[in-house]
>>> print(open('coords16.pdb').read())   # PDB, N, CA and C atoms
MODEL        1
ATOM      1  N   MET R   1       0.849  -1.175   0.000
ATOM      2  CA  MET R   1       0.000   0.000   0.000
ATOM      3  C   MET R   1       0.895   1.239   0.000
ATOM      4  N   SER R   2       0.542   2.254  -0.794
ATOM      5  CA  SER R   2       1.349   3.467  -0.881
ATOM      6  C   SER R   2       1.051   4.406   0.293
ATOM      7  N   ALA R   3       2.046   5.168   0.653
ATOM      8  CA  ALA R   3       1.907   6.109   1.764
ATOM      9  C   ALA R   3       1.263   7.397   1.262
ATOM     10  N   ILE R   4       0.381   7.939   2.028
ATOM     11  CA  ILE R   4      -0.261   9.210   1.702
ATOM     12  C   ILE R   4       0.421  10.292   2.512
ATOM     13  N   GLU R   5       0.892  11.294   1.806
ATOM     14  CA  GLU R   5       1.651  12.362   2.442
ATOM     15  C   GLU R   5       0.764  13.594   2.618
ATOM     16  N   LYS R   6       0.758  14.170   3.783
ATOM     17  CA  LYS R   6       0.013  15.387   4.064
ATOM     18  C   LYS R   6       0.906  16.572   3.708
ATOM     19  N   VAL R   7       0.368  17.527   2.886
ATOM     20  CA  VAL R   7       1.138  18.696   2.462
ATOM     21  C   VAL R   7       0.302  19.957   2.666
ATOM     22  N   SER R   8       0.962  21.090   2.608
ATOM     23  CA  SER R   8       0.291  22.385   2.705
ATOM     24  C   SER R   8      -0.372  22.707   1.365
ATOM     25  N   ILE R   9      -1.451  23.434   1.406
ATOM     26  CA  ILE R   9      -2.114  23.844   0.160
ATOM     27  C   ILE R   9      -1.167  24.668  -0.700
ATOM     28  N   ALA R  10      -0.279  25.424  -0.068
ATOM     29  CA  ALA R  10       0.688  26.241  -0.812
ATOM     30  C   ALA R  10       1.621  25.375  -1.656
ATOM     31  N   ASP R  11       1.793  24.111  -1.293
ATOM     32  CA  ASP R  11       2.667  23.206  -2.033
ATOM     33  C   ASP R  11       1.997  22.586  -3.259
ATOM     34  N   VAL R  12       0.688  22.766  -3.385
ATOM     35  CA  VAL R  12      -0.053  22.178  -4.498
ATOM     36  C   VAL R  12       0.041  23.121  -5.698
ATOM     37  N   PRO R  13       0.481  22.609  -6.853
ATOM     38  CA  PRO R  13       0.598  23.487  -8.018
ATOM     39  C   PRO R  13      -0.783  23.953  -8.481
ATOM     40  N   PRO R  14      -0.864  25.164  -9.033
ATOM     41  CA  PRO R  14      -2.166  25.672  -9.501
ATOM     42  C   PRO R  14      -2.690  24.819 -10.649
ATOM     43  N   ARG R  15      -4.003  24.751 -10.730
ATOM     44  CA  ARG R  15      -4.658  23.996 -11.795
ATOM     45  C   ARG R  15      -4.585  24.798 -13.091
ATOM     46  N   THR R  16      -4.220  24.132 -14.138
ATOM     47  CA  THR R  16      -4.228  24.796 -15.435
ATOM     48  C   THR R  16      -5.602  24.571 -16.054
ATOM     49  N   SER R  17      -6.215  25.664 -16.446
ATOM     50  CA  SER R  17      -7.559  25.537 -17.019
ATOM     51  C   SER R  17      -7.490  25.818 -18.511
ATOM     52  N   ARG R  18      -8.268  25.075 -19.229
ATOM     53  CA  ARG R  18      -8.312  25.303 -20.666
ATOM     54  C   ARG R  18      -9.427  26.299 -20.963
ATOM     55  N   ARG R  19      -9.285  26.996 -22.029
ATOM     56  CA  ARG R  19     -10.291  27.966 -22.453
ATOM     57  C   ARG R  19     -11.354  27.211 -23.243
ATOM     58  N   SER R  20     -12.603  27.352 -22.815
ATOM     59  CA  SER R  20     -13.677  26.637 -23.497
ATOM     60  C   SER R  20     -14.174  27.427 -24.703
ATOM     61  N   LYS R  21     -14.947  26.782 -25.535
ATOM     62  CA  LYS R  21     -15.505  27.431 -26.722
ATOM     63  C   LYS R  21     -16.460  28.553 -26.359
ATOM     64  N   THR R  22     -17.088  28.437 -25.180
ATOM     65  CA  THR R  22     -18.059  29.462 -24.783
ATOM     66  C   THR R  22     -17.445  30.571 -23.927
ATOM     67  N   SER R  23     -16.149  30.516 -23.672
ATOM     68  CA  SER R  23     -15.503  31.565 -22.865
ATOM     69  C   SER R  23     -15.730  32.966 -23.423
ATOM     70  N   PRO R  24     -15.584  33.205 -24.737
ATOM     71  CA  PRO R  24     -15.838  34.562 -25.248
ATOM     72  C   PRO R  24     -17.285  35.013 -25.000
ATOM     73  N   LEU R  25     -18.226  34.103 -25.098
ATOM     74  CA  LEU R  25     -19.626  34.427 -24.846
ATOM     75  C   LEU R  25     -19.824  34.794 -23.376
ATOM     76  N   ARG R  26     -19.282  33.993 -22.487
ATOM     77  CA  ARG R  26     -19.393  34.260 -21.045
ATOM     78  C   ARG R  26     -18.739  35.594 -20.676
ATOM     79  N   GLU R  27     -17.591  35.868 -21.240
ATOM     80  CA  GLU R  27     -16.892  37.118 -20.949
ATOM     81  C   GLU R  27     -17.682  38.320 -21.441
ATOM     82  N   ALA R  28     -18.294  38.209 -22.612
ATOM     83  CA  ALA R  28     -19.114  39.301 -23.140
ATOM     84  C   ALA R  28     -20.326  39.548 -22.250
ATOM     85  N   ILE R  29     -20.938  38.478 -21.768
ATOM     86  CA  ILE R  29     -22.103  38.614 -20.885
ATOM     87  C   ILE R  29     -21.687  39.262 -19.568
ATOM     88  N   LEU R  30     -20.571  38.819 -19.000
ATOM     89  CA  LEU R  30     -20.091  39.397 -17.746
ATOM     90  C   LEU R  30     -19.740  40.871 -17.898
ATOM     91  N   GLY R  31     -19.410  41.304 -19.100
ATOM     92  CA  GLY R  31     -19.055  42.703 -19.359
ATOM     93  C   GLY R  31     -20.256  43.620 -19.483
ATOM     94  N   LEU R  32     -21.456  43.059 -19.482
ATOM     95  CA  LEU R  32     -22.660  43.881 -19.619
ATOM     96  C   LEU R  32     -23.049  44.520 -18.293
ATOM     97  N   ASN R  33     -23.502  45.752 -18.365
ATOM     98  CA  ASN R  33     -24.074  46.459 -17.230
ATOM     99  C   ASN R  33     -25.584  46.480 -17.391
ATOM    100  N   PRO R  34     -26.325  46.737 -16.313
ATOM    101  CA  PRO R  34     -27.784  46.807 -16.438
ATOM    102  C   PRO R  34     -28.199  47.795 -17.530
ATOM    103  N   GLU R  35     -29.232  47.421 -18.259
ATOM    104  CA  GLU R  35     -29.780  48.207 -19.372
ATOM    105  C   GLU R  35     -28.870  48.221 -20.593
ATOM    106  N   GLU R  36     -27.936  47.278 -20.675
ATOM    107  CA  GLU R  36     -27.104  47.111 -21.867
ATOM    108  C   GLU R  36     -27.453  45.781 -22.522
ATOM    109  N   ALA R  37     -27.098  45.667 -23.791
ATOM    110  CA  ALA R  37     -27.336  44.430 -24.530
ATOM    111  C   ALA R  37     -26.150  44.168 -25.445
ATOM    112  N   ALA R  38     -26.024  42.925 -25.866
ATOM    113  CA  ALA R  38     -24.967  42.535 -26.803
ATOM    114  C   ALA R  38     -25.591  41.684 -27.894
ATOM    115  N   PHE R  39     -25.163  41.888 -29.131
ATOM    116  CA  PHE R  39     -25.633  41.049 -30.235
ATOM    117  C   PHE R  39     -24.708  39.859 -30.372
ATOM    118  N   VAL R  40     -25.287  38.671 -30.456
ATOM    119  CA  VAL R  40     -24.517  37.434 -30.612
ATOM    120  C   VAL R  40     -24.939  36.772 -31.920
ATOM    121  N   PRO R  41     -24.020  36.616 -32.863
ATOM    122  CA  PRO R  41     -24.374  35.940 -34.113
ATOM    123  C   PRO R  41     -24.531  34.439 -33.894
ATOM    124  N   TYR R  42     -25.497  33.859 -34.583
ATOM    125  CA  TYR R  42     -25.664  32.412 -34.536
ATOM    126  C   TYR R  42     -24.587  31.756 -35.391
ATOM    127  N   TYR R  43     -24.345  30.494 -35.112
ATOM    128  CA  TYR R  43     -23.288  29.739 -35.791
ATOM    129  C   TYR R  43     -23.509  29.715 -37.301
ATOM    130  N   ASP R  44     -22.446  30.024 -38.018
ATOM    131  CA  ASP R  44     -22.448  29.978 -39.471
ATOM    132  C   ASP R  44     -21.451  28.904 -39.895
ATOM    133  N   GLU R  45     -21.957  27.859 -40.514
ATOM    134  CA  GLU R  45     -21.112  26.719 -40.883
ATOM    135  C   GLU R  45     -20.004  27.117 -41.842
ATOM    136  N   GLU R  46     -20.296  28.038 -42.740
ATOM    137  CA  GLU R  46     -19.320  28.450 -43.741
ATOM    138  C   GLU R  46     -18.105  29.140 -43.098
ATOM    139  N   SER R  47     -18.366  30.045 -42.180
ATOM    140  CA  SER R  47     -17.264  30.777 -41.544
ATOM    141  C   SER R  47     -16.759  30.092 -40.269
ATOM    142  N   GLY R  48     -17.602  29.250 -39.661
ATOM    143  CA  GLY R  48     -17.230  28.606 -38.413
ATOM    144  C   GLY R  48     -17.346  29.531 -37.218
ATOM    145  N   GLU R  49     -17.938  30.698 -37.403
ATOM    146  CA  GLU R  49     -18.068  31.700 -36.343
ATOM    147  C   GLU R  49     -19.473  31.671 -35.754
ATOM    148  N   GLY R  50     -19.597  32.169 -34.536
ATOM    149  CA  GLY R  50     -20.890  32.300 -33.889
ATOM    150  C   GLY R  50     -21.178  31.150 -32.935
ATOM    151  N   PHE R  51     -22.390  31.166 -32.374
ATOM    152  CA  PHE R  51     -22.812  30.171 -31.383
ATOM    153  C   PHE R  51     -24.170  29.622 -31.760
ATOM    154  N   LYS R  52     -24.393  28.355 -31.476
ATOM    155  CA  LYS R  52     -25.703  27.750 -31.705
ATOM    156  C   LYS R  52     -26.710  28.376 -30.746
ATOM    157  N   SER R  53     -27.950  28.505 -31.195
ATOM    158  CA  SER R  53     -28.971  29.146 -30.360
ATOM    159  C   SER R  53     -29.176  28.399 -29.047
ATOM    160  N   SER R  54     -29.083  27.076 -29.083
ATOM    161  CA  SER R  54     -29.249  26.296 -27.851
ATOM    162  C   SER R  54     -28.110  26.547 -26.873
ATOM    163  N   THR R  55     -26.906  26.769 -27.380
ATOM    164  CA  THR R  55     -25.760  27.066 -26.532
ATOM    165  C   THR R  55     -25.936  28.428 -25.867
ATOM    166  N   VAL R  56     -26.374  29.413 -26.650
ATOM    167  CA  VAL R  56     -26.601  30.751 -26.109
ATOM    168  C   VAL R  56     -27.641  30.682 -24.995
ATOM    169  N   ALA R  57     -28.750  30.004 -25.255
ATOM    170  CA  ALA R  57     -29.816  29.897 -24.258
ATOM    171  C   ALA R  57     -29.329  29.218 -22.984
ATOM    172  N   GLN R  58     -28.545  28.171 -23.134
ATOM    173  CA  GLN R  58     -28.040  27.439 -21.973
ATOM    174  C   GLN R  58     -27.085  28.300 -21.148
ATOM    175  N   VAL R  59     -26.154  28.969 -21.798
ATOM    176  CA  VAL R  59     -25.177  29.802 -21.096
ATOM    177  C   VAL R  59     -25.868  30.975 -20.410
ATOM    178  N   VAL R  60     -26.754  31.652 -21.120
ATOM    179  CA  VAL R  60     -27.459  32.803 -20.556
ATOM    180  C   VAL R  60     -28.328  32.376 -19.369
ATOM    181  N   GLY R  61     -29.033  31.275 -19.496
ATOM    182  CA  GLY R  61     -29.871  30.787 -18.409
ATOM    183  C   GLY R  61     -29.067  30.460 -17.174
ATOM    184  N   ARG R  62     -27.949  29.803 -17.363
ATOM    185  CA  ARG R  62     -27.104  29.421 -16.229
ATOM    186  C   ARG R  62     -26.497  30.642 -15.548
ATOM    187  N   MET R  63     -26.017  31.590 -16.354
ATOM    188  CA  MET R  63     -25.406  32.786 -15.786
ATOM    189  C   MET R  63     -26.439  33.644 -15.061
ATOM    190  N   SER R  64     -27.638  33.709 -15.578
ATOM    191  CA  SER R  64     -28.706  34.457 -14.922
ATOM    192  C   SER R  64     -29.066  33.810 -13.587
ATOM    193  N   LYS R  65     -29.152  32.498 -13.583
ATOM    194  CA  LYS R  65     -29.482  31.768 -12.357
ATOM    195  C   LYS R  65     -28.388  31.946 -11.306
ATOM    196  N   ASP R  66     -27.134  31.940 -11.729
ATOM    197  CA  ASP R  66     -26.009  32.023 -10.807
ATOM    198  C   ASP R  66     -25.732  33.437 -10.292
ATOM    199  N   SER R  67     -26.276  34.452 -10.961
ATOM    200  CA  SER R  67     -26.007  35.829 -10.561
ATOM    201  C   SER R  67     -26.993  36.288  -9.486
ATOM    202  N   ALA R  68     -26.458  36.887  -8.447
ATOM    203  CA  ALA R  68     -27.308  37.420  -7.380
ATOM    204  C   ALA R  68     -27.907  38.776  -7.767
ATOM    205  N   ASP R  69     -27.246  39.495  -8.661
ATOM    206  CA  ASP R  69     -27.651  40.865  -8.981
ATOM    207  C   ASP R  69     -28.266  41.071 -10.363
ATOM    208  N   TYR R  70     -27.854  40.263 -11.343
ATOM    209  CA  TYR R  70     -28.257  40.520 -12.716
ATOM    210  C   TYR R  70     -29.107  39.395 -13.300
ATOM    211  N   ARG R  71     -30.035  39.794 -14.153
ATOM    212  CA  ARG R  71     -30.838  38.841 -14.910
ATOM    213  C   ARG R  71     -30.458  39.022 -16.376
ATOM    214  N   TYR R  72     -30.138  37.928 -17.019
ATOM    215  CA  TYR R  72     -29.796  37.955 -18.434
ATOM    216  C   TYR R  72     -30.904  37.259 -19.205
ATOM    217  N   SER R  73     -31.253  37.811 -20.353
ATOM    218  CA  SER R  73     -32.292  37.192 -21.177
ATOM    219  C   SER R  73     -31.897  37.273 -22.645
ATOM    220  N   VAL R  74     -32.541  36.445 -23.445
ATOM    221  CA  VAL R  74     -32.236  36.360 -24.875
ATOM    222  C   VAL R  74     -33.436  36.867 -25.657
ATOM    223  N   ARG R  75     -33.172  37.687 -26.656
ATOM    224  CA  ARG R  75     -34.224  38.165 -27.545
ATOM    225  C   ARG R  75     -33.761  37.950 -28.983
ATOM    226  N   SER R  76     -34.564  37.234 -29.744
ATOM    227  CA  SER R  76     -34.220  36.931 -31.138
ATOM    228  C   SER R  76     -34.215  38.194 -31.988
ATOM    229  N   ASP R  77     -33.415  38.161 -33.031
ATOM    230  CA  ASP R  77     -33.381  39.241 -34.016
ATOM    231  C   ASP R  77     -33.703  38.639 -35.373
ATOM    232  N   ALA R  78     -34.916  38.861 -35.835
ATOM    233  CA  ALA R  78     -35.376  38.270 -37.090
ATOM    234  C   ALA R  78     -34.677  38.877 -38.310
ATOM    235  N   SER R  79     -34.141  40.093 -38.179
ATOM    236  CA  SER R  79     -33.514  40.747 -39.328
ATOM    237  C   SER R  79     -32.083  40.262 -39.582
ATOM    238  N   ARG R  80     -31.482  39.643 -38.574
ATOM    239  CA  ARG R  80     -30.120  39.118 -38.719
ATOM    240  C   ARG R  80     -30.085  37.708 -38.156
ATOM    241  N   ASN R  81     -29.058  36.969 -38.463
ATOM    242  CA  ASN R  81     -28.906  35.604 -37.964
ATOM    243  C   ASN R  81     -28.223  35.659 -36.600
ATOM    244  N   GLY R  82     -29.014  35.953 -35.571
ATOM    245  CA  GLY R  82     -28.445  36.055 -34.237
ATOM    246  C   GLY R  82     -29.490  36.479 -33.225
ATOM    247  N   CYS R  83     -29.006  36.897 -32.064
ATOM    248  CA  CYS R  83     -29.904  37.312 -30.992
ATOM    249  C   CYS R  83     -29.224  38.370 -30.138
ATOM    250  N   PHE R  84     -30.029  39.009 -29.303
ATOM    251  CA  PHE R  84     -29.509  39.967 -28.342
ATOM    252  C   PHE R  84     -29.546  39.335 -26.962
ATOM    253  N   ILE R  85     -28.530  39.618 -26.169
ATOM    254  CA  ILE R  85     -28.513  39.233 -24.770
ATOM    255  C   ILE R  85     -28.692  40.525 -23.979
ATOM    256  N   LEU R  86     -29.727  40.560 -23.164
ATOM    257  CA  LEU R  86     -30.057  41.750 -22.396
ATOM    258  C   LEU R  86     -29.689  41.549 -20.936
ATOM    259  N   CYS R  87     -29.252  42.614 -20.302
ATOM    260  CA  CYS R  87     -28.878  42.583 -18.900
ATOM    261  C   CYS R  87     -29.770  43.543 -18.133
ATOM    262  N   SER R  88     -30.330  43.085 -17.018
ATOM    263  CA  SER R  88     -31.132  43.947 -16.158
ATOM    264  C   SER R  88     -30.886  43.558 -14.709
ATOM    265  N   LEU R  89     -31.265  44.437 -13.806
ATOM    266  CA  LEU R  89     -31.122  44.155 -12.385
ATOM    267  C   LEU R  89     -32.236  43.210 -11.949
ATOM    268  N   LYS R  90     -31.887  42.287 -11.070
ATOM    269  CA  LYS R  90     -32.913  41.421 -10.493
ATOM    270  C   LYS R  90     -33.675  42.225  -9.454
ATOM    271  N   SER R  91     -34.987  42.055  -9.420
ATOM    272  CA  SER R  91     -35.785  42.768  -8.412
ATOM    273  C   SER R  91     -35.705  42.045  -7.086
ATOM    274  N   ASP R  92     -36.001  42.740  -6.020
ATOM    275  CA  ASP R  92     -35.943  42.156  -4.690
ATOM    276  C   ASP R  92     -37.075  41.188  -4.446
ATOM    277  N   GLY R  93     -38.139  41.263  -5.265
ATOM    278  CA  GLY R  93     -39.352  40.483  -5.079
ATOM    279  C   GLY R  93     -39.146  39.034  -5.155
TER     280      GLY R  93
ENDMDL
END
>>> encode(input="coords16.pdb", output="structure tokens")
Amino acid sequence: MSAIEKVSIADVPPRTSRRSKTSPLREAILGLNPEEAAFVPYYDEESGEGFKSSTVAQVVGRMSKDSADYRYSVRSDASRNGCFILCSLKSDG
């Protein structure tokens, strides 16, 4: 049986995290202030740019749920291939 060694947390090397595909989306959402919005293009197979609508909805829903202060919502844009992400303050109610 191998010996288990007790060490200080300071001795543990930091975790290296990889950047996920949705990191730019999350960062853009976190950069929003109340009463601001951001346009997010939907995924375009030809260019490989943008996000799938289901991915946007999932990320926005999770971030809204996890935020104590802000509510994020998605509004479709029929004139372009994308949507708006809106930021507002959560009410006390």
>>> atom_distance(input="coords16.pdb", atom1="atom C of Phe51 of chain R", atom2="atom CA of Ser79 of chain R")
16.4 Å
>>> residues_around(input="coords16.pdb", residues="segment 57-60 of chain R", least_positions_apart="3", cutoff="8 Å", atoms="all atoms listed in the file", output="PyMOL selection string")
chain R and resi 25-26+29+51-54+63-66+71-74+85
>>> resolve_selection(input="coords16.pdb", expression="the PyMOL selection byres ((chain R and resi 69) around 6.5)", output="list in words")
Asp66, Ser67, Ala68, Tyr70, Arg71, Ser88, Leu89 and Lys90 of chain R
>>> write_last_selection(input="coords16.pdb", atoms="N, CA and C atoms", output="short mmCIF file (atom, residue, chain, number, x, y, z; two decimals), in the frame of the given file")
data_model
loop_
_atom_site.label_atom_id
_atom_site.label_comp_id
_atom_site.auth_asym_id
_atom_site.auth_seq_id
_atom_site.Cartn_x
_atom_site.Cartn_y
_atom_site.Cartn_z
N ASP R 66 -27.13 31.94 -11.73
CA ASP R 66 -26.01 32.02 -10.81
C ASP R 66 -25.73 33.44 -10.29
N SER R 67 -26.28 34.45 -10.96
CA SER R 67 -26.01 35.83 -10.56
C SER R 67 -26.99 36.29 -9.49
N ALA R 68 -26.46 36.89 -8.45
CA ALA R 68 -27.31 37.42 -7.38
C ALA R 68 -27.91 38.78 -7.77
N TYR R 70 -27.85 40.26 -11.34
CA TYR R 70 -28.26 40.52 -12.72
C TYR R 70 -29.11 39.40 -13.30
N ARG R 71 -30.04 39.79 -14.15
CA ARG R 71 -30.84 38.84 -14.91
C ARG R 71 -30.46 39.02 -16.38
N SER R 88 -30.33 43.08 -17.02
CA SER R 88 -31.13 43.95 -16.16
C SER R 88 -30.89 43.56 -14.71
N LEU R 89 -31.26 44.44 -13.81
CA LEU R 89 -31.12 44.16 -12.38
C LEU R 89 -32.24 43.21 -11.95
N LYS R 90 -31.89 42.29 -11.07
CA LYS R 90 -32.91 41.42 -10.49
C LYS R 90 -33.67 42.22 -9.45
#
>>> atom_distance(input="coords16.pdb", atom1="atom N of Arg19 of chain R", atom2="atom C of Gly50 of chain R")
16.7 Å
>>> atom_distance(input="coords16.pdb", atom1="atom CA of Leu86 of chain R", atom2="atom N of Val56 of chain R")
13.6 Å
>>> residues_around(input="coords16.pdb", residues="Ala37 of chain R", least_positions_apart="2", cutoff="8 Å", atoms="all atoms listed in the file", output="count of residues only")
11
>>> select_by_dssp(input="coords16.pdb", residues="chain R", states="strand (DSSP E or B)", output="PyMOL selection string")
chain R and resi 37-42+44+49+51+70-77+82-89
>>> write_last_selection(input="coords16.pdb", atoms="N, CA and C atoms", output="PDB file, in the frame of the given file")
ATOM      1  N   ALA R  37     -27.098  45.667 -23.791  1.00  0.00           N
ATOM      2  CA  ALA R  37     -27.336  44.430 -24.530  1.00  0.00           C
ATOM      3  C   ALA R  37     -26.150  44.168 -25.445  1.00  0.00           C
ATOM      4  N   ALA R  38     -26.024  42.925 -25.866  1.00  0.00           N
ATOM      5  CA  ALA R  38     -24.967  42.535 -26.803  1.00  0.00           C
ATOM      6  C   ALA R  38     -25.591  41.684 -27.894  1.00  0.00           C
ATOM      7  N   PHE R  39     -25.163  41.888 -29.131  1.00  0.00           N
ATOM      8  CA  PHE R  39     -25.633  41.049 -30.235  1.00  0.00           C
ATOM      9  C   PHE R  39     -24.708  39.859 -30.372  1.00  0.00           C
ATOM     10  N   VAL R  40     -25.287  38.671 -30.456  1.00  0.00           N
ATOM     11  CA  VAL R  40     -24.517  37.434 -30.612  1.00  0.00           C
ATOM     12  C   VAL R  40     -24.939  36.772 -31.920  1.00  0.00           C
ATOM     13  N   PRO R  41     -24.020  36.616 -32.863  1.00  0.00           N
ATOM     14  CA  PRO R  41     -24.374  35.940 -34.113  1.00  0.00           C
ATOM     15  C   PRO R  41     -24.531  34.439 -33.894  1.00  0.00           C
ATOM     16  N   TYR R  42     -25.497  33.859 -34.583  1.00  0.00           N
ATOM     17  CA  TYR R  42     -25.664  32.412 -34.536  1.00  0.00           C
ATOM     18  C   TYR R  42     -24.587  31.756 -35.391  1.00  0.00           C
ATOM     19  N   ASP R  44     -22.446  30.024 -38.018  1.00  0.00           N
ATOM     20  CA  ASP R  44     -22.448  29.978 -39.471  1.00  0.00           C
ATOM     21  C   ASP R  44     -21.451  28.904 -39.895  1.00  0.00           C
ATOM     22  N   GLU R  49     -17.938  30.698 -37.403  1.00  0.00           N
ATOM     23  CA  GLU R  49     -18.068  31.700 -36.343  1.00  0.00           C
ATOM     24  C   GLU R  49     -19.473  31.671 -35.754  1.00  0.00           C
ATOM     25  N   PHE R  51     -22.390  31.166 -32.374  1.00  0.00           N
ATOM     26  CA  PHE R  51     -22.812  30.171 -31.383  1.00  0.00           C
ATOM     27  C   PHE R  51     -24.170  29.622 -31.760  1.00  0.00           C
ATOM     28  N   TYR R  70     -27.854  40.263 -11.343  1.00  0.00           N
ATOM     29  CA  TYR R  70     -28.257  40.520 -12.716  1.00  0.00           C
ATOM     30  C   TYR R  70     -29.107  39.395 -13.300  1.00  0.00           C
ATOM     31  N   ARG R  71     -30.035  39.794 -14.153  1.00  0.00           N
ATOM     32  CA  ARG R  71     -30.838  38.841 -14.910  1.00  0.00           C
ATOM     33  C   ARG R  71     -30.458  39.022 -16.376  1.00  0.00           C
ATOM     34  N   TYR R  72     -30.138  37.928 -17.019  1.00  0.00           N
ATOM     35  CA  TYR R  72     -29.796  37.955 -18.434  1.00  0.00           C
ATOM     36  C   TYR R  72     -30.904  37.259 -19.205  1.00  0.00           C
ATOM     37  N   SER R  73     -31.253  37.811 -20.353  1.00  0.00           N
ATOM     38  CA  SER R  73     -32.292  37.192 -21.177  1.00  0.00           C
ATOM     39  C   SER R  73     -31.897  37.273 -22.645  1.00  0.00           C
ATOM     40  N   VAL R  74     -32.541  36.445 -23.445  1.00  0.00           N
ATOM     41  CA  VAL R  74     -32.236  36.360 -24.875  1.00  0.00           C
ATOM     42  C   VAL R  74     -33.436  36.867 -25.657  1.00  0.00           C
ATOM     43  N   ARG R  75     -33.172  37.687 -26.656  1.00  0.00           N
ATOM     44  CA  ARG R  75     -34.224  38.165 -27.545  1.00  0.00           C
ATOM     45  C   ARG R  75     -33.761  37.950 -28.983  1.00  0.00           C
ATOM     46  N   SER R  76     -34.564  37.234 -29.744  1.00  0.00           N
ATOM     47  CA  SER R  76     -34.220  36.931 -31.138  1.00  0.00           C
ATOM     48  C   SER R  76     -34.215  38.194 -31.988  1.00  0.00           C
ATOM     49  N   ASP R  77     -33.415  38.161 -33.031  1.00  0.00           N
ATOM     50  CA  ASP R  77     -33.381  39.241 -34.016  1.00  0.00           C
ATOM     51  C   ASP R  77     -33.703  38.639 -35.373  1.00  0.00           C
ATOM     52  N   GLY R  82     -29.014  35.953 -35.571  1.00  0.00           N
ATOM     53  CA  GLY R  82     -28.445  36.055 -34.237  1.00  0.00           C
ATOM     54  C   GLY R  82     -29.490  36.479 -33.225  1.00  0.00           C
ATOM     55  N   CYS R  83     -29.006  36.897 -32.064  1.00  0.00           N
ATOM     56  CA  CYS R  83     -29.904  37.312 -30.992  1.00  0.00           C
ATOM     57  C   CYS R  83     -29.224  38.370 -30.138  1.00  0.00           C
ATOM     58  N   PHE R  84     -30.029  39.009 -29.303  1.00  0.00           N
ATOM     59  CA  PHE R  84     -29.509  39.967 -28.342  1.00  0.00           C
ATOM     60  C   PHE R  84     -29.546  39.335 -26.962  1.00  0.00           C
ATOM     61  N   ILE R  85     -28.530  39.618 -26.169  1.00  0.00           N
ATOM     62  CA  ILE R  85     -28.513  39.233 -24.770  1.00  0.00           C
ATOM     63  C   ILE R  85     -28.692  40.525 -23.979  1.00  0.00           C
ATOM     64  N   LEU R  86     -29.727  40.560 -23.164  1.00  0.00           N
ATOM     65  CA  LEU R  86     -30.057  41.750 -22.396  1.00  0.00           C
ATOM     66  C   LEU R  86     -29.689  41.549 -20.936  1.00  0.00           C
ATOM     67  N   CYS R  87     -29.252  42.614 -20.302  1.00  0.00           N
ATOM     68  CA  CYS R  87     -28.878  42.583 -18.900  1.00  0.00           C
ATOM     69  C   CYS R  87     -29.770  43.543 -18.133  1.00  0.00           C
ATOM     70  N   SER R  88     -30.330  43.085 -17.018  1.00  0.00           N
ATOM     71  CA  SER R  88     -31.132  43.947 -16.158  1.00  0.00           C
ATOM     72  C   SER R  88     -30.886  43.558 -14.709  1.00  0.00           C
ATOM     73  N   LEU R  89     -31.265  44.437 -13.806  1.00  0.00           N
ATOM     74  CA  LEU R  89     -31.122  44.155 -12.385  1.00  0.00           C
ATOM     75  C   LEU R  89     -32.236  43.210 -11.949  1.00  0.00           C
TER      76      LEU R  89
END
>>> select_by_dssp(input="coords16.pdb", residues="chain R", states="alpha helix (DSSP H)", output="PyMOL selection string")
chain R and resi 23-30+53-66
>>> decode(input="coords16.pdb", residues="segment 31-60 of chain R", atoms="C-alpha atoms", output="mmCIF file, in the first residue's frame")
data_model
loop_
_atom_site.group_PDB
_atom_site.id
_atom_site.type_symbol
_atom_site.label_atom_id
_atom_site.label_comp_id
_atom_site.auth_asym_id
_atom_site.auth_seq_id
_atom_site.Cartn_x
_atom_site.Cartn_y
_atom_site.Cartn_z
ATOM 1 C CA GLY R 31 -19.055 42.703 -19.359
ATOM 2 C CA LEU R 32 -22.660 43.881 -19.619
ATOM 3 C CA ASN R 33 -24.074 46.459 -17.230
ATOM 4 C CA PRO R 34 -27.784 46.807 -16.438
ATOM 5 C CA GLU R 35 -29.780 48.207 -19.372
ATOM 6 C CA GLU R 36 -27.104 47.111 -21.867
ATOM 7 C CA ALA R 37 -27.336 44.430 -24.530
ATOM 8 C CA ALA R 38 -24.967 42.535 -26.803
ATOM 9 C CA PHE R 39 -25.633 41.049 -30.235
ATOM 10 C CA VAL R 40 -24.517 37.434 -30.612
ATOM 11 C CA PRO R 41 -24.374 35.940 -34.113
ATOM 12 C CA TYR R 42 -25.664 32.412 -34.536
ATOM 13 C CA TYR R 43 -23.288 29.739 -35.791
ATOM 14 C CA ASP R 44 -22.448 29.978 -39.471
ATOM 15 C CA GLU R 45 -21.112 26.719 -40.883
ATOM 16 C CA GLU R 46 -19.320 28.450 -43.741
ATOM 17 C CA SER R 47 -17.264 30.777 -41.544
ATOM 18 C CA GLY R 48 -17.230 28.606 -38.413
ATOM 19 C CA GLU R 49 -18.068 31.700 -36.343
ATOM 20 C CA GLY R 50 -20.890 32.300 -33.889
ATOM 21 C CA PHE R 51 -22.812 30.171 -31.383
ATOM 22 C CA LYS R 52 -25.703 27.750 -31.705
ATOM 23 C CA SER R 53 -28.971 29.146 -30.360
ATOM 24 C CA SER R 54 -29.249 26.296 -27.851
ATOM 25 C CA THR R 55 -25.760 27.066 -26.532
ATOM 26 C CA VAL R 56 -26.601 30.751 -26.109
ATOM 27 C CA ALA R 57 -29.816 29.897 -24.258
ATOM 28 C CA GLN R 58 -28.040 27.439 -21.973
ATOM 29 C CA VAL R 59 -25.177 29.802 -21.096
ATOM 30 C CA VAL R 60 -27.459 32.803 -20.556
#
